[in-house]
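Trainee: See protein-v6.txt below, with compact mmCIF, N, CA and C atoms.
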# COMPACT_ATOMS: atom_id res chain seq x y z
N MET M 1 101.46 120.84 83.49
CA MET M 1 100.07 120.57 83.76
C MET M 1 99.98 119.96 85.16
N ALA M 2 99.36 120.69 86.05
CA ALA M 2 99.22 120.24 87.43
C ALA M 2 98.01 119.33 87.57
N GLN M 3 98.15 118.34 88.41
CA GLN M 3 97.06 117.40 88.64
C GLN M 3 96.70 117.43 90.11
N SER M 4 95.42 117.53 90.42
CA SER M 4 95.02 117.58 91.82
C SER M 4 94.35 116.27 92.21
N PHE M 5 94.52 115.90 93.46
CA PHE M 5 93.94 114.67 93.99
C PHE M 5 93.08 115.01 95.18
N GLU M 6 91.92 114.39 95.26
CA GLU M 6 91.04 114.58 96.40
C GLU M 6 91.07 113.33 97.25
N TYR M 7 91.23 113.51 98.54
CA TYR M 7 91.26 112.37 99.46
C TYR M 7 89.95 112.32 100.22
N GLU M 8 89.42 111.12 100.35
CA GLU M 8 88.17 110.93 101.07
C GLU M 8 88.47 110.38 102.45
N SER M 9 88.33 111.22 103.47
CA SER M 9 88.62 110.76 104.83
C SER M 9 87.61 109.74 105.31
N ALA M 10 86.36 109.81 104.84
CA ALA M 10 85.33 108.86 105.27
C ALA M 10 85.67 107.46 104.79
N SER M 11 86.18 107.32 103.56
CA SER M 11 86.49 105.99 103.05
C SER M 11 87.70 105.41 103.77
N ALA M 12 88.62 106.23 104.23
CA ALA M 12 89.78 105.73 104.95
C ALA M 12 89.36 105.07 106.25
N SER M 13 88.38 105.66 106.95
CA SER M 13 87.94 105.05 108.21
C SER M 13 87.17 103.77 107.95
N VAL M 14 86.44 103.68 106.83
CA VAL M 14 85.72 102.46 106.50
C VAL M 14 86.70 101.36 106.15
N GLU M 15 87.78 101.69 105.40
CA GLU M 15 88.77 100.70 105.03
C GLU M 15 89.48 100.14 106.25
N ALA M 16 89.68 100.96 107.28
CA ALA M 16 90.36 100.49 108.49
C ALA M 16 89.51 99.44 109.21
N GLU M 17 88.18 99.54 109.09
CA GLU M 17 87.30 98.60 109.76
C GLU M 17 87.10 97.33 108.95
N ALA M 18 87.34 97.34 107.64
CA ALA M 18 87.12 96.19 106.78
C ALA M 18 88.27 95.19 106.93
N SER M 19 87.97 93.92 106.67
CA SER M 19 89.01 92.90 106.72
C SER M 19 89.94 93.08 105.53
N PRO M 20 91.15 92.52 105.59
CA PRO M 20 92.09 92.67 104.47
C PRO M 20 91.53 92.12 103.15
N LEU M 21 90.81 90.99 103.20
CA LEU M 21 90.26 90.44 101.96
C LEU M 21 89.14 91.31 101.42
N GLU M 22 88.34 91.92 102.30
CA GLU M 22 87.30 92.84 101.85
C GLU M 22 87.93 94.06 101.20
N ARG M 23 89.03 94.54 101.78
CA ARG M 23 89.73 95.69 101.19
C ARG M 23 90.26 95.34 99.81
N LEU M 24 90.83 94.12 99.65
CA LEU M 24 91.34 93.71 98.35
C LEU M 24 90.22 93.64 97.31
N ALA M 25 89.07 93.09 97.71
CA ALA M 25 87.94 93.00 96.79
C ALA M 25 87.46 94.40 96.39
N GLU M 26 87.43 95.31 97.35
CA GLU M 26 87.00 96.67 97.07
C GLU M 26 87.98 97.37 96.13
N ILE M 27 89.28 97.19 96.36
CA ILE M 27 90.29 97.80 95.50
C ILE M 27 90.19 97.24 94.09
N ALA M 28 90.01 95.92 93.98
CA ALA M 28 89.89 95.29 92.65
C ALA M 28 88.67 95.82 91.92
N ALA M 29 87.56 95.94 92.64
CA ALA M 29 86.33 96.44 92.02
C ALA M 29 86.50 97.88 91.58
N ARG M 30 87.10 98.70 92.45
CA ARG M 30 87.29 100.12 92.12
C ARG M 30 88.23 100.28 90.94
N THR M 31 89.32 99.50 90.91
CA THR M 31 90.29 99.58 89.82
C THR M 31 89.65 99.15 88.51
N ALA M 32 88.86 98.06 88.56
CA ALA M 32 88.20 97.58 87.35
C ALA M 32 87.20 98.61 86.82
N GLU M 33 86.47 99.25 87.72
CA GLU M 33 85.51 100.26 87.30
C GLU M 33 86.21 101.46 86.69
N GLU M 34 87.33 101.88 87.31
CA GLU M 34 88.03 103.05 86.83
C GLU M 34 88.69 102.80 85.47
N THR M 35 89.21 101.61 85.26
CA THR M 35 89.90 101.33 84.01
C THR M 35 88.95 100.84 82.93
N GLY M 36 87.74 100.41 83.32
CA GLY M 36 86.76 99.94 82.35
C GLY M 36 87.11 98.60 81.75
N LYS M 37 88.00 97.84 82.36
CA LYS M 37 88.41 96.56 81.81
C LYS M 37 87.33 95.50 81.96
N PHE M 38 86.52 95.59 83.00
CA PHE M 38 85.49 94.59 83.22
C PHE M 38 84.12 95.26 83.15
N ALA M 39 83.25 94.68 82.37
CA ALA M 39 81.92 95.24 82.25
C ALA M 39 81.10 94.93 83.49
N ASN M 40 81.30 93.76 84.10
CA ASN M 40 80.51 93.38 85.25
C ASN M 40 81.41 92.74 86.32
N VAL M 41 81.93 93.55 87.21
CA VAL M 41 82.84 93.09 88.25
C VAL M 41 82.13 92.13 89.21
N ASP M 42 80.83 92.34 89.43
CA ASP M 42 80.09 91.47 90.34
C ASP M 42 80.15 90.01 89.90
N ALA M 43 80.11 89.75 88.62
CA ALA M 43 80.18 88.38 88.12
C ALA M 43 81.52 87.74 88.49
N ILE M 44 82.59 88.51 88.42
CA ILE M 44 83.91 87.99 88.76
C ILE M 44 84.03 87.74 90.26
N LEU M 45 83.49 88.64 91.06
CA LEU M 45 83.59 88.50 92.51
C LEU M 45 82.76 87.34 93.04
N ARG M 46 81.84 86.79 92.25
CA ARG M 46 81.03 85.65 92.68
C ARG M 46 81.61 84.31 92.28
N ILE M 47 82.75 84.28 91.62
CA ILE M 47 83.37 83.02 91.20
C ILE M 47 83.86 82.28 92.44
N PRO M 48 83.42 81.02 92.63
CA PRO M 48 83.87 80.27 93.81
C PRO M 48 85.34 79.85 93.67
N VAL M 49 86.06 79.90 94.76
CA VAL M 49 87.45 79.46 94.80
C VAL M 49 87.63 78.52 95.99
N THR M 50 88.63 77.67 95.92
CA THR M 50 88.94 76.76 97.01
C THR M 50 89.96 77.42 97.92
N MET M 51 89.61 77.53 99.20
CA MET M 51 90.50 78.15 100.18
C MET M 51 90.91 77.10 101.20
N GLN M 52 92.19 77.07 101.50
CA GLN M 52 92.73 76.13 102.48
C GLN M 52 93.61 76.89 103.46
N VAL M 53 93.68 76.38 104.67
CA VAL M 53 94.60 76.90 105.67
C VAL M 53 95.60 75.79 105.95
N VAL M 54 96.87 76.05 105.66
CA VAL M 54 97.90 75.03 105.78
C VAL M 54 98.62 75.22 107.11
N LEU M 55 98.46 74.24 107.99
CA LEU M 55 99.11 74.28 109.30
C LEU M 55 100.58 73.92 109.21
N GLY M 56 100.97 73.21 108.19
CA GLY M 56 102.35 72.79 108.03
C GLY M 56 102.43 71.63 107.07
N SER M 57 103.63 71.14 106.84
CA SER M 57 103.81 69.99 105.96
C SER M 57 104.95 69.14 106.48
N ALA M 58 105.05 67.94 105.94
CA ALA M 58 106.11 67.01 106.35
C ALA M 58 106.50 66.17 105.14
N THR M 59 107.77 65.81 105.07
CA THR M 59 108.26 64.92 104.04
C THR M 59 108.77 63.66 104.73
N ILE M 60 108.16 62.53 104.37
CA ILE M 60 108.57 61.26 104.97
C ILE M 60 108.65 60.20 103.89
N PRO M 61 109.51 59.19 104.09
CA PRO M 61 109.60 58.10 103.11
C PRO M 61 108.30 57.28 103.06
N VAL M 62 108.05 56.68 101.93
CA VAL M 62 106.84 55.87 101.76
C VAL M 62 106.78 54.75 102.79
N ALA M 63 107.93 54.17 103.12
CA ALA M 63 107.96 53.07 104.10
C ALA M 63 107.41 53.55 105.45
N ASN M 64 107.78 54.76 105.87
CA ASN M 64 107.28 55.30 107.14
C ASN M 64 105.80 55.66 107.03
N LEU M 65 105.39 56.13 105.86
CA LEU M 65 103.99 56.45 105.63
C LEU M 65 103.12 55.20 105.77
N MET M 66 103.61 54.07 105.26
CA MET M 66 102.86 52.82 105.34
C MET M 66 102.73 52.31 106.77
N LYS M 67 103.64 52.72 107.66
CA LYS M 67 103.61 52.28 109.06
C LYS M 67 102.67 53.12 109.92
N LEU M 68 102.18 54.24 109.39
CA LEU M 68 101.32 55.11 110.18
C LEU M 68 99.99 54.42 110.46
N GLY M 69 99.51 54.62 111.65
CA GLY M 69 98.22 54.07 112.04
C GLY M 69 97.49 55.06 112.92
N ARG M 70 96.36 54.61 113.43
CA ARG M 70 95.54 55.46 114.28
C ARG M 70 96.35 55.92 115.49
N GLY M 71 96.32 57.22 115.75
CA GLY M 71 97.04 57.79 116.89
C GLY M 71 98.48 58.18 116.59
N ALA M 72 98.96 57.90 115.37
CA ALA M 72 100.33 58.28 115.02
C ALA M 72 100.43 59.80 114.93
N VAL M 73 101.58 60.33 115.30
CA VAL M 73 101.82 61.77 115.24
C VAL M 73 102.89 62.03 114.19
N VAL M 74 102.55 62.92 113.26
CA VAL M 74 103.50 63.31 112.22
C VAL M 74 103.92 64.74 112.51
N PRO M 75 105.20 64.96 112.85
CA PRO M 75 105.65 66.33 113.11
C PRO M 75 105.63 67.17 111.83
N LEU M 76 105.14 68.40 111.97
CA LEU M 76 105.07 69.32 110.83
C LEU M 76 106.21 70.32 110.89
N ASP M 77 106.44 71.00 109.77
CA ASP M 77 107.55 71.96 109.71
C ASP M 77 107.24 73.29 110.38
N HIS M 78 105.97 73.57 110.70
CA HIS M 78 105.61 74.81 111.40
C HIS M 78 105.62 74.56 112.91
N ARG M 79 106.01 75.56 113.65
CA ARG M 79 106.00 75.47 115.11
C ARG M 79 104.79 76.23 115.66
N VAL M 80 104.46 75.93 116.91
CA VAL M 80 103.35 76.62 117.56
C VAL M 80 103.66 78.12 117.60
N GLY M 81 102.70 78.93 117.23
CA GLY M 81 102.87 80.38 117.22
C GLY M 81 103.29 80.95 115.89
N GLU M 82 103.79 80.11 114.97
CA GLU M 82 104.16 80.60 113.64
C GLU M 82 102.89 80.81 112.83
N PRO M 83 102.90 81.76 111.91
CA PRO M 83 101.70 81.99 111.09
C PRO M 83 101.42 80.79 110.18
N VAL M 84 100.14 80.57 109.91
CA VAL M 84 99.72 79.53 108.97
C VAL M 84 99.50 80.17 107.61
N ASP M 85 99.62 79.39 106.56
CA ASP M 85 99.43 79.90 105.20
C ASP M 85 97.97 79.77 104.80
N VAL M 86 97.43 80.81 104.18
CA VAL M 86 96.08 80.79 103.60
C VAL M 86 96.28 80.64 102.10
N VAL M 87 95.79 79.53 101.54
CA VAL M 87 96.02 79.18 100.15
C VAL M 87 94.69 79.24 99.40
N VAL M 88 94.66 79.95 98.28
CA VAL M 88 93.47 80.02 97.43
C VAL M 88 93.85 79.49 96.06
N ASN M 89 93.15 78.44 95.65
CA ASN M 89 93.42 77.78 94.36
C ASN M 89 94.89 77.45 94.18
N GLY M 90 95.53 76.94 95.23
CA GLY M 90 96.92 76.49 95.15
C GLY M 90 97.96 77.57 95.32
N ARG M 91 97.57 78.80 95.60
CA ARG M 91 98.54 79.90 95.75
C ARG M 91 98.39 80.55 97.11
N VAL M 92 99.53 80.76 97.79
CA VAL M 92 99.50 81.43 99.09
C VAL M 92 99.12 82.89 98.88
N VAL M 93 98.03 83.33 99.52
CA VAL M 93 97.57 84.70 99.36
C VAL M 93 97.66 85.50 100.66
N ALA M 94 97.78 84.79 101.79
CA ALA M 94 97.84 85.47 103.08
C ALA M 94 98.44 84.55 104.12
N ARG M 95 98.75 85.13 105.27
CA ARG M 95 99.20 84.37 106.43
C ARG M 95 98.41 84.86 107.63
N GLY M 96 98.28 83.99 108.63
CA GLY M 96 97.51 84.40 109.78
C GLY M 96 97.73 83.49 110.97
N GLU M 97 96.97 83.79 112.03
CA GLU M 97 97.04 83.03 113.28
C GLU M 97 95.76 82.26 113.47
N VAL M 98 95.87 81.04 113.98
CA VAL M 98 94.70 80.22 114.27
C VAL M 98 94.03 80.78 115.53
N VAL M 99 92.69 80.96 115.47
CA VAL M 99 91.93 81.48 116.59
C VAL M 99 90.69 80.63 116.81
N VAL M 100 90.14 80.67 118.01
CA VAL M 100 88.88 80.00 118.32
C VAL M 100 87.76 80.97 117.97
N VAL M 101 86.75 80.51 117.20
CA VAL M 101 85.69 81.40 116.77
C VAL M 101 84.39 81.21 117.55
N GLU M 102 84.31 80.21 118.39
CA GLU M 102 83.13 80.01 119.22
C GLU M 102 83.56 79.77 120.65
N GLU M 103 82.67 80.07 121.58
CA GLU M 103 82.99 79.94 122.99
C GLU M 103 83.16 78.48 123.43
N ASP M 104 82.55 77.54 122.72
CA ASP M 104 82.65 76.14 123.14
C ASP M 104 83.90 75.44 122.61
N ASN M 105 84.81 76.18 122.02
CA ASN M 105 86.09 75.65 121.51
C ASN M 105 85.93 74.57 120.46
N SER M 106 84.79 74.53 119.77
CA SER M 106 84.59 73.47 118.77
C SER M 106 84.93 73.92 117.35
N ARG M 107 85.13 75.21 117.14
CA ARG M 107 85.44 75.70 115.79
C ARG M 107 86.64 76.63 115.84
N PHE M 108 87.43 76.55 114.77
CA PHE M 108 88.60 77.40 114.65
C PHE M 108 88.48 78.26 113.41
N GLY M 109 89.24 79.33 113.38
CA GLY M 109 89.31 80.21 112.23
C GLY M 109 90.71 80.75 112.10
N VAL M 110 90.90 81.66 111.17
CA VAL M 110 92.21 82.27 110.95
C VAL M 110 92.05 83.78 110.99
N SER M 111 92.85 84.43 111.83
CA SER M 111 92.92 85.88 111.87
C SER M 111 94.07 86.29 110.95
N LEU M 112 93.75 86.98 109.85
CA LEU M 112 94.78 87.34 108.88
C LEU M 112 95.71 88.40 109.44
N THR M 113 97.01 88.16 109.29
CA THR M 113 98.01 89.10 109.78
C THR M 113 98.84 89.69 108.64
N GLU M 114 98.80 89.04 107.46
CA GLU M 114 99.63 89.48 106.34
C GLU M 114 98.96 89.07 105.04
N ILE M 115 98.89 89.99 104.10
CA ILE M 115 98.42 89.69 102.74
C ILE M 115 99.65 89.59 101.87
N VAL M 116 99.78 88.48 101.13
CA VAL M 116 100.96 88.26 100.31
C VAL M 116 100.77 89.00 98.99
N GLY M 117 101.77 89.79 98.61
CA GLY M 117 101.71 90.57 97.38
C GLY M 117 101.89 89.73 96.14
N PRO M 118 101.78 90.32 94.96
CA PRO M 118 101.85 89.58 93.71
C PRO M 118 103.19 88.91 93.46
N LEU M 119 104.27 89.43 94.03
CA LEU M 119 105.58 88.84 93.84
C LEU M 119 106.03 88.04 95.04
N GLY M 120 105.09 87.64 95.91
CA GLY M 120 105.43 86.87 97.09
C GLY M 120 105.89 87.73 98.25
N GLN M 121 105.78 89.06 98.10
CA GLN M 121 106.17 89.95 99.17
C GLN M 121 104.96 90.26 100.04
N GLY M 122 105.16 90.34 101.35
CA GLY M 122 104.05 90.61 102.25
C GLY M 122 103.63 92.06 102.23
N ASP M 123 102.33 92.29 102.42
CA ASP M 123 101.78 93.65 102.50
C ASP M 123 100.97 93.72 103.77
N THR M 124 101.58 94.18 104.85
CA THR M 124 100.90 94.19 106.14
C THR M 124 100.02 95.37 106.31
Would you mind writing the file's structure down as structure tokens?

Mentor:
Amino acid sequence: MAQSFEYESASASVEAEASPLERLAEIAARTAEETGKFANVDAILRIPVTMQVVLGSATIPVANLMKLGRGAVVPLDHRVGEPVDVVVNGRVVARGEVVVVEEDNSRFGVSLTEIVGPLGQGDT
């Protein structure tokens, strides 16, 4: 029994323009619709989640922590130029680079460079 597949070239160009997270949401919605597992995917996509961008971390003894004051510098384990972790509800879901999002240099954002797969493997 032969099975044929149709490819949509228009959707491929749209996916190339979408952000990685938008592509993931679209894939999840399409998969849910095709499998019929979710009656209302829109309700799931509206659930708020906590997103954090982790610049790095440090482990220090409590005694040193108590000595910290205004102007103290705590070295982090990430170096300049290394990707930062994007964490959603306590789980790393992507990595990216810190970028300036406004011309006045007052706001920063993250340009995603890697989406982390379900087993911790990157999907670039």

Trainee: Using only C-alpha atoms, can you tell me which of M:Val87, M:Leu55, M:Ala29, M:Leu65 comes closest to Ala43 of chain M?

Mentor: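 Closest residue, counting only C-alpha atoms: M:Ala29.
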
Trainee: Which of these residues is nearest to Val110 of chain M, using only N, CA and C atoms: M:Val98, M:Val54, M:Val88, M:Val74?

Mentor: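 Closest residue, counting only N, CA and C atoms: M:Val98.
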
Trainee: Write out as a list in words all residues of segment 22-106 of chain M that backbone DSSP assigns to strand (DSSP E).

Mentor: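 Selection result, strand (DSSP E) within segment 22-106 of chain M: Met51, Gln52, Val53, Val54, Val84, Asp85, Val86, Val87, Val88, Arg91, Val92, Val93, Ala94, Arg95, Gly96, Glu97, Val98, Val99 and Val100 of chain M.
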
Trainee: Could you tell me how far atom C of His78 of chain M lies from atom CA of Val49 of chain M, in Å and to one decimal?

Mentor: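 Taking atom C of His78 of chain M and atom CA of Val49 of chain M, their separation equals 26.1 Å.
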
Trainee: Hey, what does DSSP flag as alpha helix (DSSP H) within segment 35-66 of chain M? Can you give it to me as a list in words?

Mentor: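 Taking segment 35-66 of chain M and keeping alpha helix (DSSP H) gives Thr35, Val41, Asp42, Ala43, Ile44, Leu45, Val62, Ala63, Asn64, Leu65 and Met66 of chain M.
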
Trainee: Rank nothing, just name the residue among M:Val62, M:Gly90, M:Ser57, M:Ile115 nearest to Pro75 of chain M, using only C-alpha atoms.

Mentor: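 Ranked by minimum distance to Pro75 of chain M, first place goes to M:Ser57.
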
Trainee: Any idea what the distance is between atom N of Val100 of chain M and atom N of Leu24 of chain M?

Mentor: 22.8 Å

Trainee: Compile the contact shell of Ser111 of chain M as a compact mmCIF listing (two decimals) with N, CA and C atoms, in the frame of the given file: residues with an atom at most 7 Å away, counting only C-alpha atoms, same-chain residues fewer than 4 positions apart removed.

Mentor:
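Saved the output as part-v3.txt:
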# COMPACT_ATOMS: atom_id res chain seq x y z
N GLY M 96 98.28 83.99 108.63
CA GLY M 96 97.51 84.40 109.78
C GLY M 96 97.73 83.49 110.97
N GLU M 97 96.97 83.79 112.03
CA GLU M 97 97.04 83.03 113.28
C GLU M 97 95.76 82.26 113.47
N VAL M 98 95.87 81.04 113.98
CA VAL M 98 94.70 80.22 114.27
C VAL M 98 94.03 80.78 115.53
N VAL M 99 92.69 80.96 115.47
CA VAL M 99 91.93 81.48 116.59
C VAL M 99 90.69 80.63 116.81

Trainee: Between atom CA of Asp85 of chain M and atom N of Thr113 of chain M, what is the distance in Å, rounded to a tenth?

Mentor: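 The value is 9.5 Å.
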
Trainee: Identify which of the residues M:Arg91, M:Asn64, M:Val73, M:Val53 lies closest to Phe108 of chain M, counting only C-alpha atoms when measuring atom-to-atom distances.

Mentor: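 The answer is M:Val53, which sits nearest to Phe108 of chain M.
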